[in-house]
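Q: The structure is given below, and queries will be raised subsequently.
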Amino acid sequence: MPGVKKVGQRTIQFANPPVVMATASIVGPKEGEGPLADCFDKIVQDTYYGEKTWEKAETKMLAEAVEMVIKKAGLQTGDIDYLFAGDLLNQTISANYAARQLAIPFFGLYGACSTMYEGTILASILVDGGFAEKVVAATSSHHNTAERQYRYPTELGSQRPMTAQWTVTGAGAMLIAKEGSGPRITHATVGKVVDQGIKDPNDMGAAMAPAAADTIITHLQDTGRKPEDYDLIVTGDLATVGKALVEKLTQQQNIDLSKNYTDCGILIYDPSQDVHAGGSGCACSAVVTCSYLLEEMIAGKYKRILGVGTGALMSPCSCQQGDSIPGIGHAVVFEMS
Amino acid sequence: MGANEGSLLDKQFQQVKKQAQQQQYQQMAQSVKPKQTWVKNAVAAFLVGGSITAFAQIIQNIFQSAGLAQKEAGTATLMIMVFLGAFFTGLGIYDNLGKFAGAGSIVPITGFANSIVSPALEFKREGFVYGVAAKMFTIAGPVLVYGFVTSVIIGLIAYFFQ
Amino acid sequence: MSILLAFIIGGLICVIGQLIMDLTPYNITPGHVLVGYVTMGALISSVGLYQPLVDLAGAGATIPLSGFGHTLAQGVLQAVKSKGLLGVFGGGIEATAVGIAAAVVFGYVMAVIFNPQG
């Protein structure tokens, strides 16, 4: 028997839609020069953020984003029931070390760049299910820590191909609560891992696009909605290549996204910033959702948004062994009543 | 037995179908790929690579006119170039040059120095033994391995066939 | 004149590397190009085809990594003549020792002095 809060194949319909009470976003210098600069809560000018290593800087950003979102909601750390957090680094050290200093009951997540949306879904489930009143979902990524782990040392003089994306430096946090004012989370469609055999680690948009398209199509089927029912459909970090592919894949199913579809990886940078295809990384969807998207909702520009956090679930090891790159996409519906 | 065979066939059919689907998708992905700017890259590689080697030739000429034999002058030039490659990597300039020049700054010996210094710098925080010293050879190591192996094979052939 | 020749030949050798990286599938990386240059340089040199290029272009042929392969090959070929079987193993490394030691030592020193800037 399907759950009472489940519709269709794999969409959750929240009985008491949780509220996004507050959001916080911190970004690095490059993002601070981008078109969304005014939306972020804090722009850090130094990639080390006063720390000795980039890993420590990332941890500091993540912890600060969580503290900031709690403060913005007018609460104390002790008021938070649970924290969902994750990042890109091995053993998700940024999240673990941030949680070490926060002392909030903690679930560590790994959803690659989809972590923000994975955390948002899980937090909403806890809140709607009555297991918690206030939950924080947060994530971070850092260009230099990711570059070190997944690709080359940052000082190596190599060229990035045109399909490559630029990992966003920053951290985003969202406080999801049972009561309050703000955008509500009404639906969530949990992604399946989809792999269409893309192997090029410099072409993540193409690797993730089938998963994103699969989730969007399933979501629309499950809810019986059309793309026009949303003011905006936005994917996490597919950038230009992946966005074009999602449009093509959905068109094959006679779904027309051309009017109201965009991608966080395209929104966050200006093409003149030499990022090639666009932004990526956990922080990409996190900081755009936790600043621009939800702020515009509160400002009344958008009433209903479908956000799809996308992630590429490979590791340098699996890539070197020649395995293809699996992708995932988690969808969340934000609605302003 | 029959049912088993059926499910086996079915499995194979599913697999073939999946492969076809993947191939179709990969073609589609290929079609939306932004064009690699290879003409521009080749020109940049030519200009920068040529400039680096021309600069080395200037140094070599200076050494030679100072009285060094050609071979010694060549070795001394090599050392100077390695030093410069390492130094500009340390200053954080070489990676920016590489972004523009590609192979133009990878192929000269300065690029070899860059490939040694960049991981060494980067992994300093992981300590001076397992960080700097071990990571130094992540890219240069393979170059030395294949270089040495090739030279020994050439030597063996020369030894046995002369 | 020697400088112009070094510029043209050196530039052309780099262009070949760039074309290899741009026009082959993604799995040919800078590391593969460097390994390929050293190996090819040594092989071409061992059949006597690299020396004319060095005579013509000087640094234009010795500074690209194929020149490193050339030094390895010439070193081992000479050592085989003078030292026999021991030369087979020592010759290449002896001839390139200065460059490698310089790279390692300068690399280490730079790593100690500087910090990565990203």
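Letters for chains follow the order of the structure tokens (A, B, ...), residue numbers begin at 1 for each chain, and ligand numbers begin at 1 in the order shown.
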Just need the residues of chain A within 9 Å of chain B, counting only C-alpha atoms, so spit them out as a ChimeraX atom specification.
A: /A:52-53,148,152-163,195-198,203,206-207,210,240-242,244-245,248-249,277
Q: Considering only alpha helix (DSSP H) as DSSP defines it on the backbone, what residues of chain C qualify? List them as a ChimeraX atom specification.
A: /C:2-23,30-46,50-57,59-62,65-83,85-113
Q: Any chance you could export the current selection's C-alpha atoms as an mmCIF file, in the first residue's frame?
A:
```cif
data_model
loop_
_atom_site.group_PDB
_atom_site.id
_atom_site.type_symbol
_atom_site.label_atom_id
_atom_site.label_comp_id
_atom_site.auth_asym_id
_atom_site.auth_seq_id
_atom_site.Cartn_x
_atom_site.Cartn_y
_atom_site.Cartn_z
ATOM 1 C CA SER C 2 69.029 30.862 -34.284
ATOM 2 C CA ILE C 3 66.399 32.562 -32.156
ATOM 3 C CA LEU C 4 63.870 32.707 -34.977
ATOM 4 C CA LEU C 5 64.406 29.037 -35.790
ATOM 5 C CA ALA C 6 64.012 28.160 -32.108
ATOM 6 C CA PHE C 7 60.764 30.108 -32.045
ATOM 7 C CA ILE C 8 59.294 28.409 -35.106
ATOM 8 C CA ILE C 9 60.359 24.835 -34.383
ATOM 9 C CA GLY C 10 59.612 25.133 -30.655
ATOM 10 C CA GLY C 11 56.221 26.621 -31.449
ATOM 11 C CA LEU C 12 55.400 23.884 -33.931
ATOM 12 C CA ILE C 13 56.338 21.136 -31.485
ATOM 13 C CA CYS C 14 53.937 22.698 -28.975
ATOM 14 C CA VAL C 15 51.171 22.977 -31.559
ATOM 15 C CA ILE C 16 51.339 19.225 -32.159
ATOM 16 C CA GLY C 17 50.739 18.699 -28.438
ATOM 17 C CA GLN C 18 47.826 21.134 -28.466
ATOM 18 C CA LEU C 19 46.201 19.405 -31.423
ATOM 19 C CA ILE C 20 46.614 16.037 -29.729
ATOM 20 C CA MET C 21 44.834 17.361 -26.625
ATOM 21 C CA ASP C 22 42.059 19.183 -28.478
ATOM 22 C CA LEU C 23 41.251 16.703 -31.218
ATOM 23 C CA PRO C 30 48.394 16.882 -20.139
ATOM 24 C CA GLY C 31 50.042 14.002 -18.276
ATOM 25 C CA HIS C 32 49.558 11.719 -21.263
ATOM 26 C CA VAL C 33 50.973 14.387 -23.586
ATOM 27 C CA LEU C 34 54.095 14.798 -21.441
ATOM 28 C CA VAL C 35 54.658 11.030 -21.243
ATOM 29 C CA GLY C 36 54.078 10.739 -24.981
ATOM 30 C CA TYR C 37 56.564 13.490 -25.783
ATOM 31 C CA VAL C 38 59.360 11.973 -23.726
ATOM 32 C CA THR C 39 58.788 8.489 -25.132
ATOM 33 C CA MET C 40 58.441 9.642 -28.725
ATOM 34 C CA GLY C 41 61.412 11.980 -28.386
ATOM 35 C CA ALA C 42 63.570 9.106 -27.157
ATOM 36 C CA LEU C 43 62.391 6.751 -29.900
ATOM 37 C CA ILE C 44 62.858 9.290 -32.693
ATOM 38 C CA SER C 45 66.256 10.213 -31.321
ATOM 39 C CA SER C 46 67.376 6.577 -31.117
ATOM 40 C CA TYR C 50 66.097 14.114 -33.585
ATOM 41 C CA GLN C 51 69.731 15.303 -33.747
ATOM 42 C CA PRO C 52 69.203 17.117 -37.079
ATOM 43 C CA LEU C 53 66.307 18.981 -35.495
ATOM 44 C CA VAL C 54 68.511 20.008 -32.575
ATOM 45 C CA ASP C 55 71.240 21.148 -34.962
ATOM 46 C CA LEU C 56 68.702 23.232 -36.802
ATOM 47 C CA ALA C 57 66.641 24.729 -34.012
ATOM 48 C CA ALA C 59 66.665 25.291 -27.864
ATOM 49 C CA GLY C 60 63.591 24.998 -30.093
ATOM 50 C CA ALA C 61 64.167 21.240 -30.040
ATOM 51 C CA THR C 62 65.893 20.716 -26.674
ATOM 52 C CA LEU C 65 60.005 17.637 -23.440
ATOM 53 C CA SER C 66 60.812 15.602 -26.535
ATOM 54 C CA GLY C 67 64.313 17.058 -26.055
ATOM 55 C CA PHE C 68 64.371 15.364 -22.670
ATOM 56 C CA GLY C 69 63.686 12.081 -24.442
ATOM 57 C CA HIS C 70 66.444 12.926 -26.913
ATOM 58 C CA THR C 71 68.937 13.438 -24.082
ATOM 59 C CA LEU C 72 67.865 10.126 -22.520
ATOM 60 C CA ALA C 73 68.338 8.246 -25.786
ATOM 61 C CA GLN C 74 71.664 9.823 -26.730
ATOM 62 C CA GLY C 75 72.921 9.315 -23.185
ATOM 63 C CA VAL C 76 72.140 5.634 -23.191
ATOM 64 C CA LEU C 77 73.480 5.034 -26.696
ATOM 65 C CA GLN C 78 76.832 6.593 -25.807
ATOM 66 C CA ALA C 79 77.033 4.786 -22.479
ATOM 67 C CA VAL C 80 76.380 1.445 -24.141
ATOM 68 C CA LYS C 81 79.431 2.024 -26.322
ATOM 69 C CA SER C 82 81.696 2.986 -23.445
ATOM 70 C CA LYS C 83 80.384 0.895 -20.540
ATOM 71 C CA LEU C 85 75.575 -3.470 -20.108
ATOM 72 C CA LEU C 86 75.986 -1.126 -17.142
ATOM 73 C CA GLY C 87 75.624 1.753 -19.545
ATOM 74 C CA VAL C 88 72.269 0.369 -20.644
ATOM 75 C CA PHE C 89 70.861 1.121 -17.241
ATOM 76 C CA GLY C 90 72.891 4.151 -16.236
ATOM 77 C CA GLY C 91 73.335 6.071 -19.452
ATOM 78 C CA GLY C 92 69.944 7.731 -19.811
ATOM 79 C CA ILE C 93 69.639 8.747 -16.206
ATOM 80 C CA GLU C 94 73.208 10.051 -16.056
ATOM 81 C CA ALA C 95 72.649 12.253 -19.065
ATOM 82 C CA THR C 96 69.468 13.762 -17.637
ATOM 83 C CA ALA C 97 70.572 13.862 -13.999
ATOM 84 C CA VAL C 98 71.196 17.612 -13.962
ATOM 85 C CA GLY C 99 67.746 18.467 -15.256
ATOM 86 C CA ILE C 100 65.931 16.074 -12.952
ATOM 87 C CA ALA C 101 67.864 17.095 -9.846
ATOM 88 C CA ALA C 102 67.276 20.738 -10.713
ATOM 89 C CA ALA C 103 63.550 20.149 -11.135
ATOM 90 C CA VAL C 104 63.275 18.275 -7.842
ATOM 91 C CA VAL C 105 65.336 20.730 -5.817
ATOM 92 C CA PHE C 106 63.808 23.876 -7.297
ATOM 93 C CA GLY C 107 60.386 22.288 -6.926
ATOM 94 C CA TYR C 108 60.967 21.550 -3.287
ATOM 95 C CA VAL C 109 62.353 25.006 -2.556
ATOM 96 C CA MET C 110 59.427 26.719 -4.282
ATOM 97 C CA ALA C 111 56.961 24.574 -2.351
ATOM 98 C CA VAL C 112 58.594 25.643 0.891
ATOM 99 C CA ILE C 113 58.647 29.332 -0.007
#
```
Q: Name all residues at most 10 Å from stretch 67-82 of chain A (count only C-alpha atoms; drop same-chain ones fewer than 6 positions away) and give them as an MDAnalysis selection string.
A: chainID A and resid 20:26 41:42 61 102:107 123 126:127 131:138 172:177 180 290
Q: In Å, how far is it from atom CA of A:Ala146 to atom CA of A:Asp237?
A: 14.8 Å
Q: Could you write out as a PDB file with C-alpha atoms, in the first residue's frame the residues of chain B within 6 Å of chain C, counting only C-alpha atoms?
A:
```
ATOM      1  CA  ALA B  42      46.766  26.106 -31.603  1.00  0.00           C
ATOM      2  CA  ALA B  45      50.216  27.281 -28.174  1.00  0.00           C
ATOM      3  CA  PHE B  46      52.455  28.220 -31.105  1.00  0.00           C
ATOM      4  CA  GLY B  49      55.608  27.705 -26.910  1.00  0.00           C
ATOM      5  CA  GLY B  50      57.728  29.421 -29.540  1.00  0.00           C
ATOM      6  CA  SER B  51      58.430  32.366 -27.238  1.00  0.00           C
ATOM      7  CA  THR B  53      61.954  28.160 -26.644  1.00  0.00           C
ATOM      8  CA  ALA B  54      63.188  31.361 -28.326  1.00  0.00           C
ATOM      9  CA  ALA B  56      65.807  29.690 -24.019  1.00  0.00           C
ATOM     10  CA  GLN B  57      67.800  30.089 -27.230  1.00  0.00           C
ATOM     11  CA  VAL B  82      63.468  24.691 -15.008  1.00  0.00           C
ATOM     12  CA  ALA B  86      59.244  26.518 -10.938  1.00  0.00           C
ATOM     13  CA  GLY B  90      55.317  29.565  -7.116  1.00  0.00           C
ATOM     14  CA  ALA B 103      50.370  22.786 -24.715  1.00  0.00           C
ATOM     15  CA  GLY B 104      52.435  25.896 -25.436  1.00  0.00           C
ATOM     16  CA  VAL B 107      55.324  20.816 -23.515  1.00  0.00           C
ATOM     17  CA  PRO B 108      58.445  22.947 -22.807  1.00  0.00           C
ATOM     18  CA  ILE B 109      60.581  21.889 -19.860  1.00  0.00           C
ATOM     19  CA  ALA B 113      58.784  22.049 -13.730  1.00  0.00           C
ATOM     20  CA  VAL B 117      55.932  22.376  -8.298  1.00  0.00           C
ATOM     21  CA  ALA B 120      54.223  20.056  -4.238  1.00  0.00           C
ATOM     22  CA  LEU B 121      52.875  23.505  -3.357  1.00  0.00           C
ATOM     23  CA  GLU B 122      49.331  22.334  -3.128  1.00  0.00           C
ATOM     24  CA  ILE B 139      52.461  14.006 -12.975  1.00  0.00           C
ATOM     25  CA  VAL B 143      57.192  11.022 -17.320  1.00  0.00           C
ATOM     26  CA  GLY B 147      61.415   8.026 -20.039  1.00  0.00           C
ATOM     27  CA  SER B 151      65.946   4.637 -22.529  1.00  0.00           C
ATOM     28  CA  VAL B 152      66.799   1.242 -21.036  1.00  0.00           C
ATOM     29  CA  GLY B 155      70.055   0.705 -24.593  1.00  0.00           C
ATOM     30  CA  LEU B 156      69.297  -3.018 -24.562  1.00  0.00           C
TER      31      LEU B 156
END
```
Q: By how many Å are atom CA of B:Glu72 and atom CA of B:Tyr159 apart?
A: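 Rounded to one decimal, the two atoms are 27.0 Å apart.
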